[in-house]
Amino acid sequence: MQWLAKFFYFKILGWQVVGNTTFSKETIKKAVIIAAPHTSWHDFYIGVLLRAVTGVKTNFIGKKELFVFPLGWFFRILGGAPINRQSNENKVEAIAKLFEEYDEFRMTLAPEGTRKKVTTWRTGFYYIAKQANVPIIMFTLDFENKQNKISEPFYPTNNVEADFEYMRSFYKGVKGKIPEYS
């Protein structure tokens with residue numbers, strides 16, 4: 001199936017992968033992967049194709065109620081992991097624990113937390129990476145240039161402000177599918 005994904009991604013859609021193209025399942029088995037700018041539902045299939053093209057298994061989280069029959073098996077096949085979203089539970093802690101449960105777990109999410117335009121990112125992904133002691137890998141959803149640029153692994157420091165400035169600079173000038181939401 002990888003050849004079909006490559007054909008569709010490269011030839012039909014005309015996308016390219018740049019940056020840390022050596023990122024593979026052998027080098028980083030656990031990471032928080034952030035994809036931005038998240039402006040459209042089209043981001044999902046570009047991400048799924050990128051995953052197939054690179055051969056790197058990635059995961060996502062969803063509320064446990066989504067992981068029941070009949071869709072539960074489908075979400076698990078796609079790399080989904082159920083999370084209990086009860087209000088009395090610390091979400092960062094609960095998600096960080098998922099990294100302990102799996103030998104290989106690369107959680108992908110959008111730092112904006114929505115497809116609409118935001119002025120600040122949510123911070124949960126950052127604290128999950130810190131608590132789980134895993135790197136953050138950034139990749140772009142650049143529809144203007146049809147590129148997925150992948151960063152080197154970035155390990156959060158204790159300087160939150162500087163870390164977010166560094167991460168946001170990776171996405172500078174990148175335009176999503178809906179540019180006004182970028």
# chains A, B, ... in the order shown; residues from 1 in each chain; ligands from 1
>>> residues_around(residues="stretch 88-103 of chain A", least_positions_apart="4", cutoff="9 Å", atoms="only C-alpha atoms", output="VMD selection string")
chain A and resid 29 to 31 61 81 83 to 84 107 124 to 125 127 to 134
>>> write_last_selection(atoms="all heavy atoms", output="CSV table (one decimal), in the first residue's frame")
chain,number,residue,atom,x,y,z
A,29,LYS,N,11.0,6.2,18.7
A,29,LYS,CA,9.8,5.3,18.9
A,29,LYS,C,8.7,6.0,19.7
A,29,LYS,O,7.5,5.6,19.6
A,29,LYS,CB,10.2,4.1,19.6
A,29,LYS,CG,11.1,3.2,18.8
A,29,LYS,CD,11.3,1.8,19.4
A,29,LYS,CE,12.1,0.9,18.6
A,29,LYS,NZ,11.4,0.3,17.5
A,30,LYS,N,9.0,7.1,20.4
A,30,LYS,CA,8.0,7.8,21.1
A,30,LYS,C,8.2,9.3,20.9
A,30,LYS,O,9.3,9.8,21.0
A,30,LYS,CB,8.0,7.5,22.6
A,30,LYS,CG,7.7,6.0,22.9
A,30,LYS,CD,7.8,5.7,24.4
A,30,LYS,CE,7.5,4.2,24.6
A,30,LYS,NZ,7.3,3.9,26.0
A,31,ALA,N,7.1,10.0,20.6
A,31,ALA,CA,7.2,11.5,20.4
A,31,ALA,C,5.8,12.1,20.4
A,31,ALA,O,4.8,11.4,20.2
A,31,ALA,CB,7.9,11.8,19.1
A,61,ILE,N,-5.3,10.4,19.8
A,61,ILE,CA,-6.1,10.1,21.0
A,61,ILE,C,-7.6,10.6,20.7
A,61,ILE,O,-7.8,11.5,19.9
A,61,ILE,CB,-5.6,10.8,22.3
A,61,ILE,CG1,-5.5,12.3,22.1
A,61,ILE,CG2,-4.3,10.1,22.7
A,61,ILE,CD1,-5.3,13.0,23.4
A,81,ALA,N,-6.0,5.8,20.2
A,81,ALA,CA,-5.9,5.3,21.6
A,81,ALA,C,-7.0,6.0,22.4
A,81,ALA,O,-7.0,7.3,22.3
A,81,ALA,CB,-4.5,5.6,22.2
A,83,ILE,N,-9.0,7.7,25.4
A,83,ILE,CA,-8.6,8.4,26.7
A,83,ILE,C,-9.9,8.7,27.4
A,83,ILE,O,-10.9,9.1,26.8
A,83,ILE,CB,-7.8,9.7,26.4
A,83,ILE,CG1,-7.3,10.3,27.6
A,83,ILE,CG2,-8.6,10.7,25.5
A,83,ILE,CD1,-6.0,9.7,28.1
A,84,ASN,N,-9.8,8.6,28.7
A,84,ASN,CA,-11.0,8.9,29.6
A,84,ASN,C,-11.0,10.4,29.8
A,84,ASN,O,-10.0,10.9,30.3
A,84,ASN,CB,-10.9,8.1,30.9
A,84,ASN,CG,-12.1,8.3,31.8
A,84,ASN,OD1,-13.0,9.1,31.4
A,84,ASN,ND2,-12.1,7.6,32.9
A,107,MET,N,2.2,10.4,19.2
A,107,MET,CA,0.9,11.0,19.2
A,107,MET,C,0.9,12.3,18.4
A,107,MET,O,1.8,13.2,18.6
A,107,MET,CB,0.6,11.4,20.7
A,107,MET,CG,-0.8,11.9,20.8
A,107,MET,SD,-1.2,12.5,22.4
A,107,MET,CE,-0.2,13.9,22.5
A,124,GLY,N,-1.1,21.9,26.2
A,124,GLY,CA,-1.2,20.5,26.6
A,124,GLY,C,-0.1,19.6,26.0
A,124,GLY,O,0.6,18.8,26.7
A,125,PHE,N,0.1,19.7,24.7
A,125,PHE,CA,1.0,18.9,24.0
A,125,PHE,C,2.4,19.0,24.5
A,125,PHE,O,3.2,18.1,24.7
A,125,PHE,CB,1.0,19.1,22.5
A,125,PHE,CG,1.7,20.4,22.1
A,125,PHE,CD1,3.1,20.5,21.8
A,125,PHE,CD2,1.0,21.6,22.0
A,125,PHE,CE1,3.7,21.6,21.4
A,125,PHE,CE2,1.6,22.8,21.7
A,125,PHE,CZ,3.0,22.8,21.4
A,127,TYR,N,3.3,20.0,27.7
A,127,TYR,CA,3.4,19.4,29.0
A,127,TYR,C,3.3,17.9,28.9
A,127,TYR,O,3.9,17.2,29.8
A,127,TYR,CB,2.4,20.1,29.9
A,127,TYR,CG,2.8,21.5,30.2
A,127,TYR,CD1,2.1,22.5,29.7
A,127,TYR,CD2,3.9,21.8,31.0
A,127,TYR,CE1,2.4,23.9,29.9
A,127,TYR,CE2,4.2,23.1,31.2
A,127,TYR,CZ,3.5,24.1,30.7
A,127,TYR,OH,3.9,25.4,30.9
A,128,ILE,N,2.6,17.4,28.0
A,128,ILE,CA,2.6,15.9,27.8
A,128,ILE,C,4.0,15.5,27.4
A,128,ILE,O,4.5,14.5,28.0
A,128,ILE,CB,1.6,15.5,26.7
A,128,ILE,CG1,0.2,15.8,27.2
A,128,ILE,CG2,1.8,14.1,26.3
A,128,ILE,CD1,-0.9,15.8,26.1
A,129,ALA,N,4.7,16.1,26.4
A,129,ALA,CA,6.0,15.8,26.0
A,129,ALA,C,7.0,15.8,27.2
A,129,ALA,O,7.8,15.0,27.4
A,129,ALA,CB,6.5,16.7,24.9
A,130,LYS,N,6.9,16.9,28.0
A,130,LYS,CA,7.8,17.1,29.2
A,130,LYS,C,7.5,15.9,30.2
A,130,LYS,O,8.5,15.3,30.6
A,130,LYS,CB,7.6,18.4,29.8
A,130,LYS,CG,8.3,19.5,29.1
A,130,LYS,CD,8.3,20.8,29.9
A,130,LYS,CE,9.0,20.9,31.1
A,130,LYS,NZ,10.5,21.0,31.1
A,131,GLN,N,6.3,15.7,30.5
A,131,GLN,CA,6.0,14.6,31.5
A,131,GLN,C,6.4,13.2,31.0
A,131,GLN,O,6.8,12.4,31.8
A,131,GLN,CB,4.5,14.7,31.9
A,131,GLN,CG,4.2,13.8,33.0
A,131,GLN,CD,2.9,14.2,33.8
A,131,GLN,OE1,2.5,15.3,33.7
A,131,GLN,NE2,2.4,13.3,34.5
A,132,ALA,N,6.1,13.0,29.7
A,132,ALA,CA,6.5,11.7,29.2
A,132,ALA,C,7.9,11.5,28.8
A,132,ALA,O,8.4,10.5,28.4
A,132,ALA,CB,5.6,11.4,28.0
A,133,ASN,N,8.7,12.7,28.9
A,133,ASN,CA,10.1,12.7,28.5
A,133,ASN,C,10.3,12.2,27.1
A,133,ASN,O,11.2,11.4,26.8
A,133,ASN,CB,10.9,11.9,29.5
A,133,ASN,CG,12.4,12.3,29.4
A,133,ASN,OD1,12.7,13.4,29.1
A,133,ASN,ND2,13.3,11.4,29.8
A,134,VAL,N,9.5,12.8,26.2
A,134,VAL,CA,9.7,12.5,24.8
A,134,VAL,C,9.8,13.8,24.0
A,134,VAL,O,9.5,14.9,24.4
A,134,VAL,CB,8.4,11.7,24.2
A,134,VAL,CG1,8.3,10.4,25.0
A,134,VAL,CG2,7.2,12.5,24.3
>>> residues_around(residues="A:Thr108", least_positions_apart="6", cutoff="12 Å", atoms="only C-alpha atoms", output="MDAnalysis selection string")
chainID A and resid 30:36 38 43:44 47:48 51 56:62 78:81 95 125 128:129 136:139
>>> select_by_dssp(residues="chain A", states="strand (DSSP E or B)", output="number ranges by chain")
A: 16-19, 30-36, 59-63, 80-83, 105-109, 136-140, 142, 147-150, 154
>>> write_last_selection(atoms="N, CA, C and O atoms", output="CSV table (one decimal), in the first residue's frame")
chain,number,residue,atom,x,y,z
A,16,GLN,N,5.4,17.2,-1.4
A,16,GLN,CA,6.7,16.7,-1.2
A,16,GLN,C,7.0,16.8,0.3
A,16,GLN,O,6.4,17.5,1.1
A,17,VAL,N,8.0,16.0,0.7
A,17,VAL,CA,8.4,15.9,2.1
A,17,VAL,C,9.8,16.5,2.2
A,17,VAL,O,10.7,16.2,1.4
A,18,VAL,N,10.0,17.5,3.1
A,18,VAL,CA,11.3,18.2,3.2
A,18,VAL,C,11.7,18.2,4.7
A,18,VAL,O,10.9,18.0,5.6
A,19,GLY,N,12.9,18.5,4.9
A,19,GLY,CA,13.4,18.6,6.3
A,19,GLY,C,14.0,17.3,6.8
A,19,GLY,O,14.7,16.6,6.1
A,30,LYS,N,9.0,7.1,20.4
A,30,LYS,CA,8.0,7.8,21.1
A,30,LYS,C,8.2,9.3,20.9
A,30,LYS,O,9.3,9.8,21.0
A,31,ALA,N,7.1,10.0,20.6
A,31,ALA,CA,7.2,11.5,20.4
A,31,ALA,C,5.8,12.1,20.4
A,31,ALA,O,4.8,11.4,20.2
A,32,VAL,N,5.8,13.4,20.6
A,32,VAL,CA,4.6,14.2,20.4
A,32,VAL,C,4.8,14.9,19.1
A,32,VAL,O,5.8,15.6,18.9
A,33,ILE,N,3.9,14.6,18.1
A,33,ILE,CA,4.1,15.2,16.8
A,33,ILE,C,3.0,16.3,16.7
A,33,ILE,O,1.8,16.0,16.9
A,34,ILE,N,3.4,17.5,16.3
A,34,ILE,CA,2.4,18.6,16.2
A,34,ILE,C,2.4,19.0,14.7
A,34,ILE,O,3.4,19.2,14.0
A,35,ALA,N,1.1,19.1,14.2
A,35,ALA,CA,0.9,19.4,12.8
A,35,ALA,C,0.2,20.8,12.7
A,35,ALA,O,-0.9,21.0,13.4
A,36,ALA,N,0.7,21.7,12.0
A,36,ALA,CA,0.1,23.0,11.9
A,36,ALA,C,0.5,23.6,10.5
A,36,ALA,O,1.4,23.2,9.9
A,59,ASN,N,0.0,7.9,16.0
A,59,ASN,CA,-1.2,7.7,16.8
A,59,ASN,C,-1.9,8.9,17.0
A,59,ASN,O,-1.4,10.0,16.8
A,60,PHE,N,-3.1,8.8,17.5
A,60,PHE,CA,-3.9,9.9,17.9
A,60,PHE,C,-4.8,9.5,19.1
A,60,PHE,O,-4.9,8.3,19.4
A,61,ILE,N,-5.3,10.4,19.8
A,61,ILE,CA,-6.1,10.1,21.0
A,61,ILE,C,-7.6,10.6,20.7
A,61,ILE,O,-7.8,11.5,19.9
A,62,GLY,N,-8.5,9.9,21.3
A,62,GLY,CA,-9.9,10.3,21.2
A,62,GLY,C,-10.6,9.9,22.5
A,62,GLY,O,-10.2,9.0,23.2
A,63,LYS,N,-11.8,10.5,22.7
A,63,LYS,CA,-12.5,10.1,23.9
A,63,LYS,C,-12.9,8.6,23.8
A,63,LYS,O,-13.2,8.1,22.7
A,80,GLY,N,-5.5,5.0,16.7
A,80,GLY,CA,-6.2,5.6,17.8
A,80,GLY,C,-6.0,5.0,19.2
A,80,GLY,O,-5.8,3.8,19.3
A,81,ALA,N,-6.0,5.8,20.2
A,81,ALA,CA,-5.9,5.3,21.6
A,81,ALA,C,-7.0,6.0,22.4
A,81,ALA,O,-7.0,7.3,22.3
A,82,PRO,N,-7.8,5.3,23.1
A,82,PRO,CA,-8.9,5.9,23.8
A,82,PRO,C,-8.3,6.6,25.1
A,82,PRO,O,-7.4,6.1,25.7
A,83,ILE,N,-9.0,7.7,25.4
A,83,ILE,CA,-8.6,8.4,26.7
A,83,ILE,C,-9.9,8.7,27.4
A,83,ILE,O,-10.9,9.1,26.8
A,105,PHE,N,4.9,4.8,20.4
A,105,PHE,CA,3.7,5.7,20.5
A,105,PHE,C,4.2,7.1,20.1
A,105,PHE,O,4.9,7.7,20.7
A,106,ARG,N,3.6,7.5,18.9
A,106,ARG,CA,3.9,8.8,18.4
A,106,ARG,C,2.6,9.5,18.3
A,106,ARG,O,1.9,9.3,17.3
A,107,MET,N,2.2,10.4,19.2
A,107,MET,CA,0.9,11.0,19.2
A,107,MET,C,0.9,12.3,18.4
A,107,MET,O,1.8,13.2,18.6
A,108,THR,N,0.0,12.3,17.4
A,108,THR,CA,-0.1,13.5,16.5
A,108,THR,C,-1.3,14.3,16.9
A,108,THR,O,-2.4,13.8,17.2
A,109,LEU,N,-1.1,15.6,17.0
A,109,LEU,CA,-2.2,16.5,17.2
A,109,LEU,C,-1.9,17.9,16.7
A,109,LEU,O,-0.8,18.2,16.3
A,136,ILE,N,9.3,16.6,20.8
A,136,ILE,CA,8.3,17.1,20.0
A,136,ILE,C,8.8,17.2,18.6
A,136,ILE,O,9.9,17.7,18.4
A,137,ILE,N,8.1,16.6,17.6
A,137,ILE,CA,8.5,16.7,16.2
A,137,ILE,C,7.4,17.5,15.5
A,137,ILE,O,6.2,17.3,15.7
A,138,MET,N,7.8,18.6,14.8
A,138,MET,CA,6.9,19.5,14.2
A,138,MET,C,6.8,19.1,12.7
A,138,MET,O,7.8,18.7,12.1
A,139,PHE,N,5.6,19.2,12.1
A,139,PHE,CA,5.5,19.1,10.7
A,139,PHE,C,4.4,20.1,10.2
A,139,PHE,O,3.5,20.4,10.9
A,140,THR,N,4.7,20.6,9.0
A,140,THR,CA,3.8,21.6,8.4
A,140,THR,C,2.8,21.0,7.5
A,140,THR,O,3.0,20.0,6.9
A,142,ASP,N,1.6,22.7,4.7
A,142,ASP,CA,1.8,23.9,3.8
A,142,ASP,C,1.1,23.7,2.5
A,142,ASP,O,1.7,23.1,1.5
A,147,GLN,N,3.9,21.2,0.7
A,147,GLN,CA,5.0,20.6,1.5
A,147,GLN,C,4.6,20.2,2.9
A,147,GLN,O,3.8,20.9,3.5
A,148,ASN,N,5.2,19.0,3.3
A,148,ASN,CA,5.2,18.7,4.7
A,148,ASN,C,6.6,18.8,5.1
A,148,ASN,O,7.5,17.9,4.7
A,149,LYS,N,7.0,19.8,5.8
A,149,LYS,CA,8.3,20.0,6.3
A,149,LYS,C,8.4,19.4,7.7
A,149,LYS,O,7.5,19.7,8.6
A,150,ILE,N,9.3,18.5,8.0
A,150,ILE,CA,9.4,17.8,9.2
A,150,ILE,C,10.7,18.3,10.0
A,150,ILE,O,11.8,18.3,9.4
A,154,PHE,N,12.7,17.9,19.0
A,154,PHE,CA,13.0,19.0,19.9
A,154,PHE,C,12.5,18.6,21.3
A,154,PHE,O,11.4,18.2,21.5
>>> select_by_dssp(residues="chain A", states="alpha helix (DSSP H)", output="PyMOL selection string")
chain A and resi 2-6+42-54+71-77+91-101+124-132+160-170
>>> atom_distance(atom1="atom CA of A:Tyr166", atom2="atom CA of A:Trp121")
13.0 Å
>>> atom_distance(atom1="atom CA of A:Thr157", atom2="atom CA of A:Lys172")
21.0 Å
>>> closest_residue(among="A:Lys146, A:Lys6, A:Arg76, A:His42", to="A:Val174", atoms="only C-alpha atoms")
A:Lys146
>>> closest_residue(among="A:Val160, A:Tyr155, A:Phe170, A:Glu104", to="A:Thr27", atoms="only C-alpha atoms")
A:Glu104
>>> decode(residues="stretch 120-150 of chain A", atoms="N, CA, C and O atoms", output="JSON list (two decimals), in the first residue's frame")
[["chain", "number", "residue", "atom", "x", "y", "z"],
["A", 120, "THR", "N", -3.09, 32.03, 19.95],
["A", 120, "THR", "CA", -2.16, 31.28, 20.80],
["A", 120, "THR", "C", -2.47, 29.79, 20.69],
["A", 120, "THR", "O", -3.61, 29.39, 20.48],
["A", 121, "TRP", "N", -1.44, 28.99, 20.84],
["A", 121, "TRP", "CA", -1.61, 27.55, 20.83],
["A", 121, "TRP", "C", -2.02, 27.06, 22.21],
["A", 121, "TRP", "O", -1.70, 27.68, 23.22],
["A", 122, "ARG", "N", -2.64, 25.93, 22.23],
["A", 122, "ARG", "CA", -2.88, 25.23, 23.50],
["A", 122, "ARG", "C", -1.53, 24.70, 23.97],
["A", 122, "ARG", "O", -0.61, 24.52, 23.18],
["A", 123, "THR", "N", -1.42, 24.45, 25.23],
["A", 123, "THR", "CA", -0.12, 24.05, 25.78],
["A", 123, "THR", "C", -0.04, 22.59, 26.20],
["A", 123, "THR", "O", 1.03, 22.11, 26.55],
["A", 124, "GLY", "N", -1.15, 21.87, 26.15],
["A", 124, "GLY", "CA", -1.17, 20.49, 26.63],
["A", 124, "GLY", "C", -0.12, 19.61, 26.00],
["A", 124, "GLY", "O", 0.55, 18.83, 26.68],
["A", 125, "PHE", "N", 0.06, 19.71, 24.67],
["A", 125, "PHE", "CA", 1.04, 18.86, 23.97],
["A", 125, "PHE", "C", 2.43, 19.05, 24.55],
["A", 125, "PHE", "O", 3.21, 18.09, 24.65],
["A", 126, "TYR", "N", 2.75, 20.29, 24.91],
["A", 126, "TYR", "CA", 4.07, 20.61, 25.44],
["A", 126, "TYR", "C", 4.30, 19.91, 26.79],
["A", 126, "TYR", "O", 5.33, 19.28, 27.01],
["A", 127, "TYR", "N", 3.31, 20.03, 27.66],
["A", 127, "TYR", "CA", 3.43, 19.43, 28.99],
["A", 127, "TYR", "C", 3.34, 17.91, 28.95],
["A", 127, "TYR", "O", 3.94, 17.23, 29.78],
["A", 128, "ILE", "N", 2.63, 17.38, 27.96],
["A", 128, "ILE", "CA", 2.60, 15.92, 27.77],
["A", 128, "ILE", "C", 4.01, 15.45, 27.39],
["A", 128, "ILE", "O", 4.52, 14.48, 27.96],
["A", 129, "ALA", "N", 4.66, 16.13, 26.45],
["A", 129, "ALA", "CA", 6.01, 15.76, 26.03],
["A", 129, "ALA", "C", 6.98, 15.85, 27.20],
["A", 129, "ALA", "O", 7.82, 14.96, 27.39],
["A", 130, "LYS", "N", 6.86, 16.91, 28.00],
["A", 130, "LYS", "CA", 7.75, 17.05, 29.16],
["A", 130, "LYS", "C", 7.54, 15.93, 30.16],
["A", 130, "LYS", "O", 8.49, 15.32, 30.64],
["A", 131, "GLN", "N", 6.27, 15.66, 30.48],
["A", 131, "GLN", "CA", 5.97, 14.64, 31.49],
["A", 131, "GLN", "C", 6.35, 13.24, 31.02],
["A", 131, "GLN", "O", 6.83, 12.43, 31.79],
["A", 132, "ALA", "N", 6.13, 12.97, 29.72],
["A", 132, "ALA", "CA", 6.46, 11.65, 29.17],
["A", 132, "ALA", "C", 7.94, 11.55, 28.80],
["A", 132, "ALA", "O", 8.41, 10.47, 28.43],
["A", 133, "ASN", "N", 8.65, 12.66, 28.88],
["A", 133, "ASN", "CA", 10.08, 12.73, 28.53],
["A", 133, "ASN", "C", 10.33, 12.25, 27.10],
["A", 133, "ASN", "O", 11.17, 11.39, 26.85],
["A", 134, "VAL", "N", 9.53, 12.82, 26.18],
["A", 134, "VAL", "CA", 9.66, 12.50, 24.76],
["A", 134, "VAL", "C", 9.85, 13.79, 23.98],
["A", 134, "VAL", "O", 9.45, 14.87, 24.44],
["A", 135, "PRO", "N", 10.43, 13.70, 22.78],
["A", 135, "PRO", "CA", 10.61, 14.92, 21.98],
["A", 135, "PRO", "C", 9.32, 15.35, 21.30],
["A", 135, "PRO", "O", 8.37, 14.58, 21.18],
["A", 136, "ILE", "N", 9.34, 16.58, 20.83],
["A", 136, "ILE", "CA", 8.27, 17.12, 20.00],
["A", 136, "ILE", "C", 8.83, 17.18, 18.58],
["A", 136, "ILE", "O", 9.95, 17.67, 18.37],
["A", 137, "ILE", "N", 8.08, 16.64, 17.65],
["A", 137, "ILE", "CA", 8.46, 16.72, 16.24],
["A", 137, "ILE", "C", 7.39, 17.55, 15.55],
["A", 137, "ILE", "O", 6.20, 17.28, 15.70],
["A", 138, "MET", "N", 7.81, 18.56, 14.83],
["A", 138, "MET", "CA", 6.88, 19.46, 14.16],
["A", 138, "MET", "C", 6.81, 19.10, 12.68],
["A", 138, "MET", "O", 7.82, 18.74, 12.09],
["A", 139, "PHE", "N", 5.61, 19.21, 12.12],
["A", 139, "PHE", "CA", 5.50, 19.13, 10.66],
["A", 139, "PHE", "C", 4.45, 20.10, 10.17],
["A", 139, "PHE", "O", 3.49, 20.40, 10.86],
["A", 140, "THR", "N", 4.71, 20.61, 8.97],
["A", 140, "THR", "CA", 3.84, 21.64, 8.41],
["A", 140, "THR", "C", 2.79, 21.03, 7.50],
["A", 140, "THR", "O", 3.00, 19.97, 6.90],
["A", 141, "LEU", "N", 1.68, 21.74, 7.41],
["A", 141, "LEU", "CA", 0.63, 21.44, 6.46],
["A", 141, "LEU", "C", 0.57, 22.65, 5.52],
["A", 141, "LEU", "O", -0.32, 23.48, 5.61],
["A", 142, "ASP", "N", 1.58, 22.75, 4.67],
["A", 142, "ASP", "CA", 1.76, 23.91, 3.81],
["A", 142, "ASP", "C", 1.11, 23.67, 2.45],
["A", 142, "ASP", "O", 1.70, 23.09, 1.54],
["A", 143, "PHE", "N", -0.14, 24.11, 2.34],
["A", 143, "PHE", "CA", -0.89, 23.90, 1.10],
["A", 143, "PHE", "C", -0.43, 24.83, -0.02],
["A", 143, "PHE", "O", -0.59, 24.50, -1.19],
["A", 144, "GLU", "N", 0.14, 25.97, 0.32],
["A", 144, "GLU", "CA", 0.61, 26.89, -0.71],
["A", 144, "GLU", "C", 1.76, 26.27, -1.51],
["A", 144, "GLU", "O", 1.81, 26.35, -2.73],
["A", 145, "ASN", "N", 2.71, 25.66, -0.79],
["A", 145, "ASN", "CA", 3.87, 25.04, -1.43],
["A", 145, "ASN", "C", 3.75, 23.53, -1.58],
["A", 145, "ASN", "O", 4.68, 22.88, -2.05],
["A", 146, "LYS", "N", 2.65, 22.98, -1.12],
["A", 146, "LYS", "CA", 2.41, 21.53, -1.14],
["A", 146, "LYS", "C", 3.58, 20.79, -0.51],
["A", 146, "LYS", "O", 4.21, 19.92, -1.13],
["A", 147, "GLN", "N", 3.87, 21.17, 0.74],
["A", 147, "GLN", "CA", 4.99, 20.59, 1.46],
["A", 147, "GLN", "C", 4.59, 20.17, 2.86],
["A", 147, "GLN", "O", 3.84, 20.86, 3.54],
["A", 148, "ASN", "N", 5.16, 19.05, 3.27],
["A", 148, "ASN", "CA", 5.19, 18.67, 4.67],
["A", 148, "ASN", "C", 6.65, 18.77, 5.08],
["A", 148, "ASN", "O", 7.47, 17.95, 4.67],
["A", 149, "LYS", "N", 6.97, 19.80, 5.81],
["A", 149, "LYS", "CA", 8.33, 19.97, 6.32],
["A", 149, "LYS", "C", 8.36, 19.35, 7.71],
["A", 149, "LYS", "O", 7.50, 19.66, 8.55],
["A", 150, "ILE", "N", 9.34, 18.49, 7.96],
["A", 150, "ILE", "CA", 9.44, 17.78, 9.23],
["A", 150, "ILE", "C", 10.68, 18.26, 9.96],
["A", 150, "ILE", "O", 11.77, 18.34, 9.39]]
